[in-house]
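Peer 1: Here it is: the structure, laid out below.
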Amino acid sequence: LKGILEAHRDMGLDLPPISNHHLDSLQAKTQDTGASRGGLDDVASLEELRSFMGECRRCKLHEGRSHLVFGEGSPRSEMVFVGEGPGRDEDIVGRPFVGEAGRLLTRIIRAMGLSREDVYICNVVKCRPPKNRDPEKDEIEACIPFLKRQLAIIRPGIICALGRIAGQSLLGENFKITEKCGKWHSYMGIPVMPTYHPAYLLRNPSAKRQVWEDVQKIMRRLGLEVKRNG
């Protein structure tokens, strides 16, 4: 569109007053919104997907972020953990689950007999909500296509949805973590096990037993050894 407008202007045709600043802004917005989403289904790797997102400005969360937190881990993992969004520590370094809750998640993964490099870890939204508030509906809607593409590329055997927001984003707005955790569901044809978010466990240590029971169900489906002492 920018090229067409400039060509018409060069030919002396009458146009509404449009400055170069407005043309450049229009070009940037076009590249960063609808034009880029059109080819999302053609993205074949996580590296291409991250490049496709660019310096994403598709929702208002970009205004306060330090880093976009895309996700990390094995692109061939049988196991994907999905949280709600980055926190302060994650926003600073650009990696998911690296704060106190992230360290607890790492211990859970190790208790499964795995490492963070064996699984894939990501979030519903890729930018930190202000003051760690819940992501809003429009923010989730802007970002969920990229989570879907991550899952389509990885094709894991199991998704573990961490917490209420992740559960609602994958399984519907009526999802209640207190009722649905520990029960198998499905998203994009992939089995989903919802459980409590590690941040919730830091505030409510008594829920750790429930999470470990949920994790053991995942381990059995993955064929991992479940130790009786848990």
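A note on labels: chains of the structure tokens are A, B, ... as shown, every chain counts residues from 1, and ligands are counted from 1 in their shown order.
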Could you name the residues that touch region 125-133 of chain A at 7 Å or less, counting only C-alpha atoms, but leaving out those on the same chain fewer than 3 positions away, as a list of chain:residue names?
Peer 2: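 Residues near the query, excluding close chain neighbours: A:Leu61, A:His62, A:Arg65, A:Leu68, A:Val69, A:Phe70, A:Glu84, A:Gly85, A:Pro86, A:Gly87, A:Asp91, A:Ile140, A:Cys143.
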Peer 1: Report as a PyMOL selection string: the residues of chain A with a DSSP assignment of helix (DSSP H, G or I), based on the backbone of this structure.
Peer 2: chain A and resi 2-10+20-32+34-37+40-42+46-53+60-64+88-93+100-111+116-118+130-132+137-154+164-171+177-180+198-203+205-222
Peer 1: As an exercise, work out the distance from CA of Arg221 (chain A) to CA of Ile165 (chain A) in Å and give it to one decimal place.
Peer 2: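 About the pair CA of Arg221 (chain A) and CA of Ile165 (chain A): they are 24.2 Å apart.
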Peer 1: As a PyMOL selection string, please: the residues near Glu179 (chain A) (cut-off 12 Å, only C-alpha atoms, same-chain neighbours under 5 positions excluded).
Peer 2: chain A and resi 163-164+167+174+184+194-196
Peer 1: Create the file for the chosen residues now, containing N, CA, C and O atoms and written as an mmCIF file, in the first residue's frame.
Peer 2:
data_model
loop_
_atom_site.group_PDB
_atom_site.id
_atom_site.type_symbol
_atom_site.label_atom_id
_atom_site.label_comp_id
_atom_site.auth_asym_id
_atom_site.auth_seq_id
_atom_site.Cartn_x
_atom_site.Cartn_y
_atom_site.Cartn_z
ATOM 1 N N GLY A 163 -2.535 -24.065 35.949
ATOM 2 C CA GLY A 163 -3.347 -23.008 36.523
ATOM 3 C C GLY A 163 -4.622 -22.684 35.771
ATOM 4 O O GLY A 163 -4.897 -23.192 34.681
ATOM 5 N N ARG A 164 -5.400 -21.799 36.375
ATOM 6 C CA ARG A 164 -6.729 -21.445 35.877
ATOM 7 C C ARG A 164 -6.701 -20.789 34.503
ATOM 8 O O ARG A 164 -7.494 -21.151 33.619
ATOM 9 N N GLY A 167 -5.837 -23.221 31.815
ATOM 10 C CA GLY A 167 -6.946 -24.139 31.630
ATOM 11 C C GLY A 167 -8.098 -23.506 30.875
ATOM 12 O O GLY A 167 -8.666 -24.110 29.950
ATOM 13 N N ASN A 174 -15.490 -21.733 30.945
ATOM 14 C CA ASN A 174 -16.175 -22.344 32.084
ATOM 15 C C ASN A 174 -15.273 -23.268 32.890
ATOM 16 O O ASN A 174 -15.706 -23.826 33.902
ATOM 17 N N TRP A 184 -8.345 -35.906 32.729
ATOM 18 C CA TRP A 184 -7.872 -35.770 31.354
ATOM 19 C C TRP A 184 -8.882 -35.007 30.500
ATOM 20 O O TRP A 184 -10.091 -35.215 30.619
ATOM 21 N N PRO A 194 -4.758 -30.715 33.394
ATOM 22 C CA PRO A 194 -4.656 -29.449 34.129
ATOM 23 C C PRO A 194 -4.233 -29.713 35.578
ATOM 24 O O PRO A 194 -4.661 -30.697 36.190
ATOM 25 N N THR A 195 -3.436 -28.830 36.099
ATOM 26 C CA THR A 195 -3.061 -28.903 37.507
ATOM 27 C C THR A 195 -2.775 -27.497 38.000
ATOM 28 O O THR A 195 -2.803 -26.538 37.223
ATOM 29 N N TYR A 196 -2.477 -27.371 39.280
ATOM 30 C CA TYR A 196 -2.253 -26.047 39.851
ATOM 31 C C TYR A 196 -0.936 -25.452 39.374
ATOM 32 O O TYR A 196 0.058 -26.161 39.152
#
Peer 1: Considering only C-alpha atoms, tabulate each residue of region 89-176 of chain A that lies at most 10 Å from region 223-226 of chain A along with its nearest interatomic pair and the corresponding distance in Å to one decimal; arrange the rows by chain and ascending residue number and present them as JSON lines.
Peer 2:
{"residue": "A:Ala111", "atom": "CA", "partner": "A:Val226", "partner_atom": "CA", "distance": 9.4}
{"residue": "A:Met112", "atom": "CA", "partner": "A:Leu224", "partner_atom": "CA", "distance": 7.4}
{"residue": "A:Gly113", "atom": "CA", "partner": "A:Leu224", "partner_atom": "CA", "distance": 7.7}
{"residue": "A:Leu114", "atom": "CA", "partner": "A:Leu224", "partner_atom": "CA", "distance": 9.3}
Peer 1: Any idea what the distance is between CA of Tyr200 (chain A) and CA of Arg58 (chain A)?
Peer 2: 28.9 Å
Peer 1: Excluding same-chain residues fewer than 5 positions from Pro156 (chain A), what lies within 6 Å of it counting only C-alpha atoms, as an MDAnalysis selection string?
Peer 2: chainID A and resid 77:79
Peer 1: May I have the residues from that selection written out with N, CA and C atoms, as an mmCIF file, in the first residue's frame?
Peer 2:
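Writing done, so here's part-v3.cif:
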data_model
loop_
_atom_site.group_PDB
_atom_site.id
_atom_site.type_symbol
_atom_site.label_atom_id
_atom_site.label_comp_id
_atom_site.auth_asym_id
_atom_site.auth_seq_id
_atom_site.Cartn_x
_atom_site.Cartn_y
_atom_site.Cartn_z
ATOM 1 N N SER A 77 9.629 -32.541 21.974
ATOM 2 C CA SER A 77 9.239 -33.064 23.271
ATOM 3 C C SER A 77 7.861 -33.734 23.229
ATOM 4 N N GLU A 78 7.716 -34.775 24.032
ATOM 5 C CA GLU A 78 6.420 -35.411 24.235
ATOM 6 C C GLU A 78 5.579 -34.679 25.278
ATOM 7 N N MET A 79 6.196 -33.682 25.925
ATOM 8 C CA MET A 79 5.557 -33.031 27.068
ATOM 9 C C MET A 79 5.686 -31.518 26.951
#
Peer 1: Arg155 (chain A): which residues within 10 Å, counting only C-alpha atoms, same-chain residues fewer than 6 positions away excluded, as a list of chain:residue names?
Peer 2: A:Pro75, A:Arg76, A:Ser77, A:Glu78, A:Met79, A:Val80, A:Arg149, A:Met188, A:Gly189, A:Ile190
Peer 1: Those residues with N, CA, C and O atoms, as a CSV table (one decimal), in the first residue's frame please?
Peer 2:
chain,number,residue,atom,x,y,z
A,75,PRO,N,12.1,-29.1,20.8
A,75,PRO,CA,11.0,-28.9,19.8
A,75,PRO,C,10.4,-30.3,19.4
A,75,PRO,O,9.4,-30.3,18.7
A,76,ARG,N,11.0,-31.4,20.0
A,76,ARG,CA,10.4,-32.7,19.7
A,76,ARG,C,9.9,-33.4,21.0
A,76,ARG,O,9.8,-34.6,21.1
A,77,SER,N,9.6,-32.5,22.0
A,77,SER,CA,9.2,-33.1,23.3
A,77,SER,C,7.9,-33.7,23.2
A,77,SER,O,7.0,-33.3,22.5
A,78,GLU,N,7.7,-34.8,24.0
A,78,GLU,CA,6.4,-35.4,24.2
A,78,GLU,C,5.6,-34.7,25.3
A,78,GLU,O,4.4,-35.0,25.5
A,79,MET,N,6.2,-33.7,25.9
A,79,MET,CA,5.6,-33.0,27.1
A,79,MET,C,5.7,-31.5,27.0
A,79,MET,O,6.8,-31.0,26.8
A,80,VAL,N,4.6,-30.8,27.0
A,80,VAL,CA,4.6,-29.3,26.9
A,80,VAL,C,3.9,-28.8,28.2
A,80,VAL,O,2.7,-29.2,28.5
A,149,ARG,N,0.1,-22.6,17.2
A,149,ARG,CA,1.1,-23.0,16.2
A,149,ARG,C,2.3,-23.7,16.9
A,149,ARG,O,2.9,-24.6,16.3
A,188,MET,N,-6.9,-29.7,20.6
A,188,MET,CA,-6.2,-29.9,19.3
A,188,MET,C,-5.9,-31.4,19.2
A,188,MET,O,-5.0,-31.8,18.5
A,189,GLY,N,-6.7,-32.3,19.8
A,189,GLY,CA,-6.5,-33.7,19.7
A,189,GLY,C,-5.4,-34.2,20.6
A,189,GLY,O,-5.0,-35.4,20.5
A,190,ILE,N,-4.9,-33.3,21.5
A,190,ILE,CA,-3.8,-33.7,22.4
A,190,ILE,C,-4.3,-33.8,23.8
A,190,ILE,O,-5.0,-32.9,24.2
Peer 1: When you look at Ala44 (chain A) with a cut-off of 12 Å (counting only C-alpha atoms), what residues show up, excluding the ones that are within fewer than 6 positions of it in the same chain? I need them as a list of chain:residue names.
Peer 2: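 Neighbouring residues, sequence-local ones excluded: A:Arg50, A:Ser51, A:Phe52, A:Pro75, A:Arg149, A:Gln150, A:Leu151, A:Ala152, A:Ile153, A:Ile154, A:Arg155.
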Peer 1: Keeping only N, CA and C atoms, write the selected residues to a file as a PDB file, in the first residue's frame.
Peer 2:
ATOM      1  N   ARG A  50       9.147 -17.836  15.828  1.00  0.00           N
ATOM      2  CA  ARG A  50       9.663 -16.709  16.609  1.00  0.00           C
ATOM      3  C   ARG A  50      10.023 -15.539  15.698  1.00  0.00           C
ATOM      4  N   SER A  51      10.611 -15.832  14.569  1.00  0.00           N
ATOM      5  CA  SER A  51      10.934 -14.781  13.610  1.00  0.00           C
ATOM      6  C   SER A  51       9.661 -14.147  13.052  1.00  0.00           C
ATOM      7  N   PHE A  52       8.663 -14.960  12.818  1.00  0.00           N
ATOM      8  CA  PHE A  52       7.373 -14.497  12.302  1.00  0.00           C
ATOM      9  C   PHE A  52       6.725 -13.493  13.258  1.00  0.00           C
ATOM     10  N   PRO A  75      12.075 -29.070  20.803  1.00  0.00           N
ATOM     11  CA  PRO A  75      11.019 -28.948  19.796  1.00  0.00           C
ATOM     12  C   PRO A  75      10.397 -30.292  19.437  1.00  0.00           C
ATOM     13  N   ARG A 149       0.128 -22.618  17.243  1.00  0.00           N
ATOM     14  CA  ARG A 149       1.120 -23.003  16.233  1.00  0.00           C
ATOM     15  C   ARG A 149       2.308 -23.693  16.884  1.00  0.00           C
ATOM     16  N   GLN A 150       2.714 -23.232  18.072  1.00  0.00           N
ATOM     17  CA  GLN A 150       3.767 -23.928  18.803  1.00  0.00           C
ATOM     18  C   GLN A 150       3.386 -25.388  19.021  1.00  0.00           C
ATOM     19  N   LEU A 151       2.163 -25.609  19.473  1.00  0.00           N
ATOM     20  CA  LEU A 151       1.712 -26.973  19.745  1.00  0.00           C
ATOM     21  C   LEU A 151       1.593 -27.789  18.458  1.00  0.00           C
ATOM     22  N   ALA A 152       1.152 -27.153  17.375  1.00  0.00           N
ATOM     23  CA  ALA A 152       1.034 -27.859  16.097  1.00  0.00           C
ATOM     24  C   ALA A 152       2.407 -28.281  15.572  1.00  0.00           C
ATOM     25  N   ILE A 153       3.405 -27.437  15.807  1.00  0.00           N
ATOM     26  CA  ILE A 153       4.760 -27.762  15.352  1.00  0.00           C
ATOM     27  C   ILE A 153       5.368 -28.876  16.202  1.00  0.00           C
ATOM     28  N   ILE A 154       5.210 -28.788  17.516  1.00  0.00           N
ATOM     29  CA  ILE A 154       5.812 -29.771  18.425  1.00  0.00           C
ATOM     30  C   ILE A 154       5.057 -31.092  18.392  1.00  0.00           C
ATOM     31  N   ARG A 155       3.718 -31.023  18.342  1.00  0.00           N
ATOM     32  CA  ARG A 155       2.853 -32.195  18.417  1.00  0.00           C
ATOM     33  C   ARG A 155       3.229 -33.079  19.600  1.00  0.00           C
TER      34      ARG A 155
END
Peer 1: Compare A:Arg116, A:Leu105, A:Glu139, A:Ser66 by their minimum atom-to-atom distance to Val93 (chain A), counting only C-alpha atoms, and give me the closest one.
Peer 2: A:Ser66
Peer 1: Within region 85-225 of chain A, find each residue whose DSSP state, derived from the backbone, is strand (DSSP E), and express the selection as a list in words.
Peer 2: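 DSSP on the backbone gives strand (DSSP E) at Tyr120, Ile121, Cys122, Asn123, Ile158, Ile159, Cys160, Ala161, Leu162, His185, Ser186, Tyr187, Ile190, Pro191, Val192, Met193, Pro194 and Thr195 of chain A.
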Peer 1: Find, counting only C-alpha atoms, the residue in A:Leu201, A:Met219, A:Leu147, A:Val124 that gets nearest to Arg103 (chain A).
Peer 2: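 With only C-alpha atoms as the atom set, the closest residue is A:Leu201.
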Peer 1: What lies within 10 Å of Leu171 (chain A) using only C-alpha atoms, ignoring chain neighbours under 6 positions off, as an MDAnalysis selection string?
Peer 2: chainID A and resid 161 165 185:187 192 194
Peer 1: My list of candidates is A:Leu162, A:Ser74, A:Asn123, A:Gly157. Which is closest to Ile144 (chain A) when distances are computed with only C-alpha atoms?
Peer 2: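 Going through A:Leu162, A:Ser74, A:Asn123, A:Gly157 one by one, the smallest distance to Ile144 (chain A) is for A:Asn123.
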Peer 1: Calculate how many Å separate CA of Glu48 (chain A) from CA of Ala166 (chain A), rounding to one decimal.
Peer 2: 24.0 Å
